[in-house]
file query_12.txt (compact mmCIF, C-alpha atoms)
# COMPACT_ATOMS: atom_id res chain seq x y z
CA MET A 1 36.83 -18.39 -18.01
CA THR A 2 37.45 -14.70 -18.65
CA ASP A 3 33.81 -14.23 -19.62
CA PHE A 4 32.75 -15.82 -16.34
CA PHE A 5 34.72 -13.35 -14.19
CA TRP A 6 33.53 -10.34 -16.21
CA LEU A 7 29.93 -11.54 -15.90
CA LEU A 8 30.45 -12.15 -12.18
CA ALA A 9 31.77 -8.63 -11.62
CA ASP A 10 28.94 -7.15 -13.69
CA ASP A 11 26.27 -9.10 -11.75
CA ILE A 12 27.75 -8.03 -8.42
CA VAL A 13 27.65 -4.38 -9.48
CA ARG A 14 24.08 -4.56 -10.80
CA ILE A 15 22.65 -6.46 -7.83
CA THR A 16 24.51 -4.28 -5.31
CA VAL A 17 22.95 -1.16 -6.82
CA PHE A 18 19.58 -2.88 -6.57
CA ALA A 19 20.26 -3.89 -2.93
CA VAL A 20 21.14 -0.32 -1.92
CA LEU A 21 17.76 0.91 -3.14
CA CYS A 22 15.97 -1.92 -1.34
CA ALA A 23 17.73 -1.31 1.98
CA TYR A 24 17.63 2.49 2.08
CA PRO A 25 13.99 2.95 3.26
CA PHE A 26 14.39 0.29 5.99
CA MET A 27 17.59 1.43 7.69
CA GLY A 28 17.21 0.42 11.33
CA SER A 29 14.50 -2.18 10.61
CA PHE A 30 16.75 -5.14 9.85
CA ARG A 31 16.46 -8.49 11.60
CA PHE A 32 20.17 -8.32 12.42
CA SER A 33 22.60 -5.47 13.04
CA ASN A 34 23.51 -3.22 10.12
CA LYS A 35 27.01 -4.71 9.81
CA LYS A 36 25.81 -8.30 9.97
CA THR A 37 23.00 -7.61 7.52
CA ALA A 38 25.42 -5.95 5.07
CA PHE A 39 27.84 -8.89 5.36
CA LEU A 40 25.14 -11.52 4.82
CA THR A 41 23.66 -9.52 1.94
CA LEU A 42 27.06 -9.40 0.22
CA LEU A 43 27.33 -13.17 0.62
CA VAL A 44 23.90 -13.62 -0.97
CA ILE A 45 24.81 -11.24 -3.80
CA PHE A 46 28.06 -13.11 -4.44
CA ALA A 47 26.30 -16.50 -4.40
CA VAL A 48 23.52 -15.55 -6.82
CA SER A 49 26.03 -13.75 -9.06
CA VAL A 50 28.14 -16.89 -9.28
CA ILE A 51 25.07 -18.94 -10.19
CA ASP A 52 23.88 -16.42 -12.79
CA SER A 53 27.34 -16.09 -14.35
CA ALA A 54 27.87 -19.84 -14.50
CA ILE A 55 24.50 -20.42 -16.16
CA SER A 56 25.10 -17.57 -18.61
CA VAL A 57 28.47 -18.98 -19.66
CA TYR A 58 26.92 -22.42 -20.03
CA ILE A 59 24.15 -21.02 -22.25
CA SER A 60 26.71 -19.20 -24.41
CA PHE A 61 28.55 -22.45 -25.09
CA THR A 62 25.51 -24.64 -25.70
CA ILE A 63 23.49 -22.38 -28.03
CA PRO A 64 24.80 -21.98 -31.59
CA GLU A 65 26.70 -18.80 -32.44
CA GLU A 66 24.11 -17.52 -34.89
CA GLU A 67 21.26 -17.55 -32.34
CA PRO A 68 20.77 -14.61 -29.93
CA ILE A 69 20.95 -15.42 -26.24
CA SER A 70 19.99 -12.10 -24.63
CA VAL A 71 16.45 -13.31 -23.88
CA GLN A 72 17.69 -16.43 -22.11
CA LEU A 73 20.20 -14.41 -20.09
CA ASP A 74 17.52 -11.94 -19.00
CA MET A 75 15.17 -14.73 -17.96
CA VAL A 76 17.92 -16.34 -15.88
CA PHE A 77 18.56 -13.00 -14.19
CA TYR A 78 14.85 -12.60 -13.33
CA VAL A 79 14.78 -16.08 -11.79
CA ILE A 80 17.89 -15.25 -9.74
CA MET A 81 16.05 -12.20 -8.38
CA ILE A 82 13.58 -14.56 -6.68
CA PHE A 83 16.35 -15.73 -4.32
CA CYS A 84 17.31 -12.12 -3.63
CA MET A 85 13.69 -11.31 -2.82
CA ALA A 86 13.47 -14.28 -0.42
CA TRP A 87 16.50 -13.02 1.53
CA TYR A 88 15.15 -9.48 1.46
CA LEU A 89 11.76 -10.50 2.88
CA TYR A 90 13.52 -12.38 5.68
CA ALA A 91 16.15 -9.77 6.56
CA VAL A 92 13.79 -6.78 6.89
CA ARG A 93 11.29 -6.44 9.75
CA ALA A 94 8.19 -4.86 8.21
CA VAL A 95 4.84 -5.87 6.76
CA TRP A 96 5.36 -7.83 3.58
CA GLN A 97 3.31 -5.40 1.47
CA LYS A 98 5.75 -2.57 2.22
CA LYS A 99 8.72 -4.82 1.47
CA ALA A 100 7.10 -5.99 -1.76
CA PHE A 101 6.47 -2.41 -2.88
CA ILE A 102 10.06 -1.32 -2.23
CA PHE A 103 11.38 -4.47 -3.91
CA LEU A 104 9.30 -3.85 -7.04
CA PHE A 105 10.20 -0.16 -6.99
CA SER A 106 13.91 -0.99 -6.68
CA LEU A 107 13.67 -3.65 -9.40
CA THR A 108 12.05 -1.12 -11.73
CA SER A 109 14.75 1.39 -10.81
CA ALA A 110 17.48 -1.19 -11.42
CA LEU A 111 15.93 -1.93 -14.81
CA PHE A 112 16.02 1.79 -15.54
CA ILE A 113 19.72 1.96 -14.57
CA MET A 114 20.60 -1.12 -16.63
CA SER A 115 18.71 0.29 -19.61
CA ILE A 116 20.69 3.53 -19.44
CA ALA A 117 23.93 1.57 -19.21
CA ASN A 118 23.02 -0.67 -22.15
CA CYS A 119 21.96 2.28 -24.31
CA VAL A 120 25.26 4.01 -23.53
CA LEU A 121 27.12 0.85 -24.54
CA GLU A 122 25.33 0.78 -27.87
CA LEU A 123 26.42 4.35 -28.53
CA LEU A 124 30.08 3.61 -27.75
CA PRO A 125 32.38 2.12 -30.43
CA VAL A 126 32.79 -1.18 -28.58
CA GLU A 127 33.40 -4.43 -30.41
CA ALA A 128 30.30 -6.60 -30.32
CA LYS A 129 30.44 -9.75 -28.22
CA ARG A 130 27.97 -12.53 -27.63
CA ILE A 131 28.13 -12.01 -23.87
CA THR A 132 28.39 -8.25 -23.47
CA ALA A 133 30.47 -8.10 -20.31
CA GLY A 134 33.74 -6.34 -19.72
CA LEU A 135 35.29 -3.31 -18.16
CA HIS A 136 33.23 -1.00 -20.36
CA THR A 137 30.00 -2.71 -19.19
CA ILE A 138 30.90 -2.41 -15.51
CA LEU A 139 31.97 1.20 -15.88
CA SER A 140 28.75 2.12 -17.68
CA THR A 141 26.66 0.43 -14.97
CA LEU A 142 28.63 2.17 -12.23
CA SER A 143 28.29 5.53 -13.98
CA ALA A 144 24.54 5.13 -14.48
CA GLY A 145 24.15 3.97 -10.88
CA ALA A 146 26.21 6.85 -9.49
CA ILE A 147 23.89 9.30 -11.23
CA THR A 148 20.51 7.67 -10.68
CA VAL A 149 20.81 5.98 -7.25
CA PRO A 150 21.25 9.26 -5.29
CA LEU A 151 18.31 10.72 -7.20
CA LEU A 152 16.16 7.67 -6.46
CA CYS A 153 17.14 7.73 -2.78
CA LEU A 154 16.26 11.42 -2.70
CA PHE A 155 12.91 10.57 -4.31
CA LEU A 156 12.20 8.01 -1.59
CA LYS A 157 13.31 10.42 1.14
CA LEU A 158 11.15 13.30 -0.08
CA PHE A 159 8.02 11.45 -1.20
CA TYR A 160 7.78 7.93 0.26
CA MET A 161 9.47 8.01 3.68
CA PRO A 162 7.44 10.97 5.09
CA VAL A 163 4.22 8.96 4.61
CA GLU A 164 5.57 5.42 5.05
CA LYS A 165 4.73 5.11 8.76
CA ARG A 166 1.15 6.25 8.16
CA MET A 167 0.54 3.81 5.31
CA GLY A 168 -1.03 0.49 6.14
CA ALA A 169 -0.55 -2.89 4.55
CA LYS A 170 -3.61 -2.48 2.34
CA GLU A 171 -2.41 0.82 0.85
CA CYS A 172 1.04 -0.60 0.09
CA GLY A 173 -0.58 -3.65 -1.49
CA TYR A 174 -2.51 -1.42 -3.87
CA LEU A 175 0.67 0.50 -4.70
CA CYS A 176 2.35 -2.74 -5.79
CA ILE A 177 -0.18 -3.33 -8.56
CA PRO A 178 0.97 -0.61 -11.03
CA LEU A 179 4.63 -1.58 -10.55
CA LEU A 180 3.82 -5.24 -11.12
CA ILE A 181 1.95 -4.41 -14.33
CA LEU A 182 4.82 -2.21 -15.50
CA LEU A 183 7.37 -4.96 -14.86
CA MET A 184 5.23 -7.48 -16.73
CA ILE A 185 5.14 -5.11 -19.72
CA PHE A 186 8.91 -4.79 -19.66
CA VAL A 187 9.46 -8.53 -19.31
CA ILE A 188 6.97 -9.49 -22.01
CA VAL A 189 7.66 -6.74 -24.54
CA PHE A 190 11.05 -5.19 -24.05
CA THR A 191 12.99 -8.30 -23.04
CA PHE A 192 12.79 -9.48 -26.63
CA MET A 193 13.91 -6.12 -28.02
CA ASP A 194 17.55 -5.56 -28.88
CA TYR A 195 19.06 -2.37 -27.47
CA VAL A 196 20.53 -1.66 -30.90
CA ASP A 197 16.99 -1.39 -32.28
CA LEU A 198 15.89 0.56 -29.22
CA VAL A 199 18.57 3.22 -29.69
CA ALA A 200 18.02 3.33 -33.46
CA ASP A 201 14.24 3.74 -33.21
CA PRO A 202 13.29 7.07 -31.51
CA THR A 203 9.68 5.96 -31.00
CA SER A 204 10.62 2.80 -29.12
CA PHE A 205 13.28 4.71 -27.19
CA LEU A 206 10.82 7.35 -26.02
CA LEU A 207 8.15 4.76 -25.23
CA TYR A 208 10.56 2.67 -23.19
CA PHE A 209 11.95 5.46 -21.03
CA GLY A 210 8.61 7.26 -20.99
CA LEU A 211 7.00 4.28 -19.27
CA LEU A 212 9.78 4.16 -16.70
CA LEU A 213 9.68 7.88 -15.99
CA SER A 214 5.88 7.89 -15.82
CA ALA A 215 6.03 5.35 -12.98
CA PHE A 216 8.19 7.66 -10.84
CA VAL A 217 6.01 10.68 -11.65
CA LEU A 218 2.87 8.71 -10.83
CA TYR A 219 4.14 7.57 -7.45
CA GLY A 220 5.46 11.03 -6.65
CA VAL A 221 1.96 12.41 -7.20
CA ILE A 222 0.35 9.59 -5.19
CA PHE A 223 2.67 10.08 -2.21
CA ARG A 224 2.18 13.84 -2.32
CA MET A 225 -1.60 13.50 -2.41
CA TYR A 226 -1.50 10.98 0.44
CA ARG A 227 0.61 13.37 2.50
CA LEU A 228 -1.74 16.28 1.85
CA ALA A 229 -4.74 14.10 2.74
CA TYR A 230 -3.11 13.03 5.99
CA GLU A 231 -2.20 16.61 6.90
CA ARG A 232 -5.81 17.62 6.28
CA TYR A 233 -7.00 14.73 8.43
CA ALA A 234 -4.54 15.67 11.19
CA SER A 235 -5.70 19.29 11.04
CA ASN A 236 -9.32 18.19 11.34
CA GLU A 237 -8.47 15.97 14.32
CA LYS A 238 -6.61 18.89 15.93
CA TYR A 239 -9.63 21.12 15.35
CA LEU A 240 -11.99 18.58 16.94
CA GLU A 241 -9.63 18.15 19.89
CA THR A 242 -9.40 21.91 20.40
CA LYS A 243 -13.19 22.24 20.08
CA HIS A 244 -13.65 19.56 22.70
CA GLN A 245 -11.27 21.37 25.05
CA ILE A 246 -13.18 24.60 24.50
CA ASP A 247 -16.49 22.82 25.21
CA ILE A 248 -15.08 21.43 28.46
CA ARG A 249 -13.77 24.87 29.42
CA ASP A 250 -17.13 26.51 28.62
CA GLU A 251 -18.95 23.90 30.68
CA GLN A 252 -16.61 24.50 33.57
CA TYR A 253 -17.11 28.25 33.28
CA ARG A 254 -20.88 27.75 33.22
CA ARG A 255 -20.79 25.66 36.38
CA ILE A 256 -18.50 28.15 38.09
CA SER A 257 -20.92 30.94 37.17
CA GLU A 258 -23.82 28.88 38.52
CA ASN A 259 -21.94 28.27 41.75
CA ILE A 260 -21.19 31.96 42.10
CA GLU A 261 -24.85 32.78 41.53
CA ASN A 262 -25.91 30.13 44.03
CA VAL A 263 -23.52 31.51 46.63
CA ARG A 264 -24.82 35.03 46.03
CA ARG A 265 -28.42 33.84 46.37
CA GLN A 266 -27.61 31.82 49.48
CA ARG A 267 -25.92 34.82 51.07
CA HIS A 268 -29.03 36.87 50.29
CA ASP A 269 -31.29 34.20 51.79
CA ILE A 270 -29.07 33.77 54.84
CA ARG A 271 -29.35 37.50 55.52
CA HIS A 272 -33.15 37.18 55.70
CA HIS A 273 -32.87 34.13 57.95
CA MET A 274 -30.49 35.96 60.26
CA VAL A 275 -32.84 38.96 60.43
CA LEU A 276 -35.75 36.67 61.37
CA LEU A 277 -33.70 34.84 64.00
CA CYS A 278 -32.52 38.14 65.42
CA GLU A 279 -36.13 39.32 65.79
CA LEU A 280 -37.16 36.06 67.49
CA LEU A 281 -34.24 36.26 69.92
CA GLU A 282 -34.97 39.92 70.67
CA LYS A 283 -38.55 38.94 71.54
CA ASP A 284 -37.11 36.17 73.75
CA GLU A 285 -38.87 33.52 71.66
CA LYS A 286 -36.04 30.97 71.92
CA GLU A 287 -38.19 27.92 71.21
CA LYS A 288 -39.43 29.41 67.94
CA ALA A 289 -35.83 30.33 66.99
CA ILE A 290 -34.59 26.77 67.72
CA LEU A 291 -37.49 25.26 65.73
CA TYR A 292 -36.79 27.60 62.83
CA LEU A 293 -33.09 26.62 62.82
CA LYS A 294 -33.98 22.91 62.83
CA GLN A 295 -36.34 23.37 59.88
CA TYR A 296 -33.74 25.37 58.02
CA LEU A 297 -31.06 22.70 58.56
CA GLU A 298 -33.45 19.94 57.43
CA HIS A 299 -34.36 21.68 54.20
CA SER A 300 -30.96 23.18 53.34
CA GLU A 301 -28.82 21.22 50.89
CA THR A 302 -25.35 20.61 52.18
CA ARG A 303 -22.70 19.78 49.64
CA SER A 304 -19.16 18.78 50.35
CA ILE A 305 -16.37 18.68 47.81
CA THR A 306 -15.38 15.07 47.20
CA LYS A 307 -11.70 14.34 46.82
CA TYR A 308 -11.19 11.46 44.42
CA CYS A 309 -7.41 11.59 44.10
CA ASP A 310 -4.37 13.83 44.51
CA ASN A 311 -4.16 14.75 40.84
CA PRO A 312 -5.89 18.13 40.40
CA VAL A 313 -6.88 17.61 36.75
CA ILE A 314 -8.41 14.17 37.29
CA ASN A 315 -10.10 15.32 40.49
CA LEU A 316 -11.64 18.31 38.70
CA LEU A 317 -12.91 16.18 35.82
CA ALA A 318 -14.29 13.51 38.13
CA SER A 319 -16.07 16.15 40.21
CA HIS A 320 -17.42 17.85 37.11
CA TYR A 321 -18.85 14.71 35.52
CA GLY A 322 -19.96 13.40 38.92
CA ASP A 323 -22.16 16.46 39.34
CA MET A 324 -23.48 16.01 35.80
CA ALA A 325 -24.34 12.39 36.61
CA LYS A 326 -26.29 13.44 39.71
CA GLU A 327 -28.21 16.02 37.67
CA ARG A 328 -29.19 13.25 35.21
CA ASP A 329 -30.07 10.77 38.03
CA ILE A 330 -27.19 8.49 37.05
CA LEU A 331 -25.34 6.53 39.71
CA PHE A 332 -21.72 7.70 39.80
CA ASN A 333 -19.06 5.81 41.77
CA ALA A 334 -15.37 6.53 41.33
CA HIS A 335 -12.34 4.89 42.92
CA ILE A 336 -9.22 6.60 41.59
CA GLN A 337 -5.65 5.88 42.63
CA VAL A 338 -3.17 8.01 40.72
CA PRO A 339 -0.23 10.14 41.90
CA GLY A 340 -0.38 13.91 42.03
CA SER A 341 1.65 14.27 38.81
CA LEU A 342 1.70 12.12 35.68
CA PRO A 343 4.14 11.98 32.71
CA ILE A 344 1.48 13.41 30.39
CA GLN A 345 0.42 16.93 29.60
CA ASP A 346 -2.67 18.22 31.40
CA ILE A 347 -4.31 19.10 28.07
CA ASP A 348 -3.94 15.55 26.72
CA LEU A 349 -5.07 14.08 30.03
CA SER A 350 -8.11 16.35 30.10
CA VAL A 351 -9.13 15.41 26.54
CA LEU A 352 -8.60 11.67 27.06
CA LEU A 353 -10.38 11.34 30.41
CA GLY A 354 -13.05 13.88 29.44
CA ASN A 355 -13.95 11.86 26.34
CA LEU A 356 -14.15 8.64 28.35
CA LEU A 357 -16.37 10.12 31.06
CA GLU A 358 -18.58 11.94 28.57
CA ASN A 359 -19.09 8.77 26.52
CA ALA A 360 -19.84 6.83 29.72
CA LEU A 361 -22.49 9.36 30.77
CA ASP A 362 -24.11 9.34 27.33
CA ALA A 363 -24.15 5.53 27.29
CA ALA A 364 -25.63 5.36 30.80
CA GLN A 365 -28.32 7.90 29.94
CA SER A 366 -29.33 6.09 26.73
CA ALA A 367 -29.34 2.67 28.40
call {"tool": "encode", "arguments": {"input": "query_12.txt", "output": "structure tokens"}}
result
Amino acid sequence: MTDFFWLLADDIVRITVFAVLCAYPFMGSFRFSNKKTAFLTLLVIFAVSVIDSAISVYISFTIPEEEPISVQLDMVFYVIMIFCMAWYLYAVRAVWQKKAFIFLFSLTSALFIMSIANCVLELLPVEAKRITAGLHTILSTLSAGAITVPLLCLFLKLFYMPVEKRMGAKECGYLCIPLLILLMIFVIVFTFMDYVDLVADPTSFLLYFGLLLSAFVLYGVIFRMYRLAYERYASNEKYLETKHQIDIRDEQYRRISENIENVRRQRHDIRHHMVLLCELLEKDEKEKAILYLKQYLEHSETRSITKYCDNPVINLLASHYGDMAKERDILFNAHIQVPGSLPIQDIDLSVLLGNLLENALDAAQSA
């Protein structure tokens, strides 16, 4: 019975460390409140720990003393993790690929912590037991967790969480593959290796921890490269947006310059018309003056500024692209109902509406 309680306490410690790593990246994304989620998670941890401890004690009493049971105990623990994963997938609101990646990452991290604890136990002068559970085991697991869990959380904070929102389900699915392969290697190869042999053999020791450390280094590089690629993409998008704004501004300046030139030319022409009318009136040729005015009014182009809405930015853009549509012989009808001010910056509004109108003109011209 004593072995059962020591195993129960050890399982609770190990699974709790694992649960902290799983929950850290999804704080605020739980199906329930944080307190309720923590309470239900502790209940799940206690339930699976009871099951694992009971099965482990049963195995220790049914298998002969001379046969090792570490492999059976590890396999039971891996099966118990399936129930933990089921609760985890239900409790967290996120795409399942992201949850699967964090679960595999946390499971690999927990394996790393347990390995450190077991290696420390082999170095301590502790009396060998068939079921290695006791105060020394719990203390070694807590010590290893206290050192590695903050570092792993810091790793997630610095490398994974800055790019997590920008990563889609497909990217996270690909990221799960190396972790799954690494876990299969550990389960197939290192589960059957005694930690006494691991500590005694430097080659196996370096290979074991080298594989674990290489996984963290690999993902650190992947996340960093993904972040740099996204920043480059964002910079390119910002450049294109700024270029589009400059193009709109240049087009507006061009049209303003054309209008100024047209006004100057019209003023010059009007002066000649007034001179001619003045001469006709001085010669008392009123009929010719009236006829000339009628001809001038018939041939002169009268333009009025159309008011589409009260918003100055939208009205300017609609007028600008409306004139462009007339120049291209494209029918342009606009019915706009927006207030004078909108909860959006004028620059963003100009880019968004300008793109839509420009694309519409291009599509109408190519149709």
call {"tool": "residues_around", "arguments": {"input": "query_12.txt", "residues": "Tyr24 in chain A", "least_positions_apart": "5", "cutoff": "12 Å", "atoms": "all atoms listed in the file", "output": "list of chain:residue names"}}
result
A:Val17, A:Phe18, A:Ala19, A:Ser29, A:Phe30, A:Asn34, A:Ala38, A:Val92, A:Lys99, A:Ile102, A:Phe103, A:Ser106, A:Val149, A:Pro150, A:Leu152, A:Cys153, A:Leu154, A:Phe155, A:Leu156, A:Lys157, A:Tyr160, A:Met161
call {"tool": "atom_distance", "arguments": {"input": "query_12.txt", "atom1": "CA of Ser60 in chain A", "atom2": "CA of Phe186 in chain A"}}
result
23.4 Å
call {"tool": "residues_near_point", "arguments": {"input": "query_12.txt", "point": "(-0.6, -5.0, -0.7)", "cutoff": "12 Å", "atoms": "all atoms listed in the file", "output": "ChimeraX atom specification"}}
result
/A:95-102,104,167-180
call {"tool": "residues_near_point", "arguments": {"input": "query_12.txt", "point": "(-9.3, 15.8, 41.6)", "cutoff": "12 Å", "atoms": "all atoms listed in the file", "output": "PyMOL selection string"}}
result
chain A and resi 305-322+334-341+350
call {"tool": "residues_around", "arguments": {"input": "query_12.txt", "residues": "Phe159 in chain A", "least_positions_apart": "4", "cutoff": "7 Å", "atoms": "all atoms listed in the file", "output": "list in words"}}
result
Phe155, Gly220, Phe223 and Arg224 of chain A
call {"tool": "atom_distance", "arguments": {"input": "query_12.txt", "atom1": "CA of Asn333 in chain A", "atom2": "CA of Thr242 in chain A"}}
result
28.4 Å
call {"tool": "atom_distance", "arguments": {"input": "query_12.txt", "atom1": "CA of Ile59 in chain A", "atom2": "CA of Val76 in chain A"}}
result
10.1 Å
call {"tool": "residues_around", "arguments": {"input": "query_12.txt", "residues": "Ser56 in chain A", "least_positions_apart": "3", "cutoff": "9 Å", "atoms": "all atoms listed in the file", "output": "PyMOL selection string"}}
result
chain A and resi 4+7+51-53+59-61+69+72-73+76+131
call {"tool": "closest_residue", "arguments": {"input": "query_12.txt", "among": "A:Phe209, A:Val221, A:Leu107, A:Leu331", "to": "Ile82 in chain A", "atoms": "all atoms listed in the file"}}
result
A:Leu107
call {"tool": "closest_residue", "arguments": {"input": "query_12.txt", "among": "A:Phe46, A:Leu111, A:Gly354, A:Ile330", "to": "Ala367 in chain A", "atoms": "only C-alpha atoms"}}
result
A:Ile330
call {"tool": "closest_residue", "arguments": {"input": "query_12.txt", "among": "A:Ala229, A:Leu361, A:Leu182, A:Val263", "to": "Gly210 in chain A", "atoms": "all atoms listed in the file"}}
result
A:Leu182
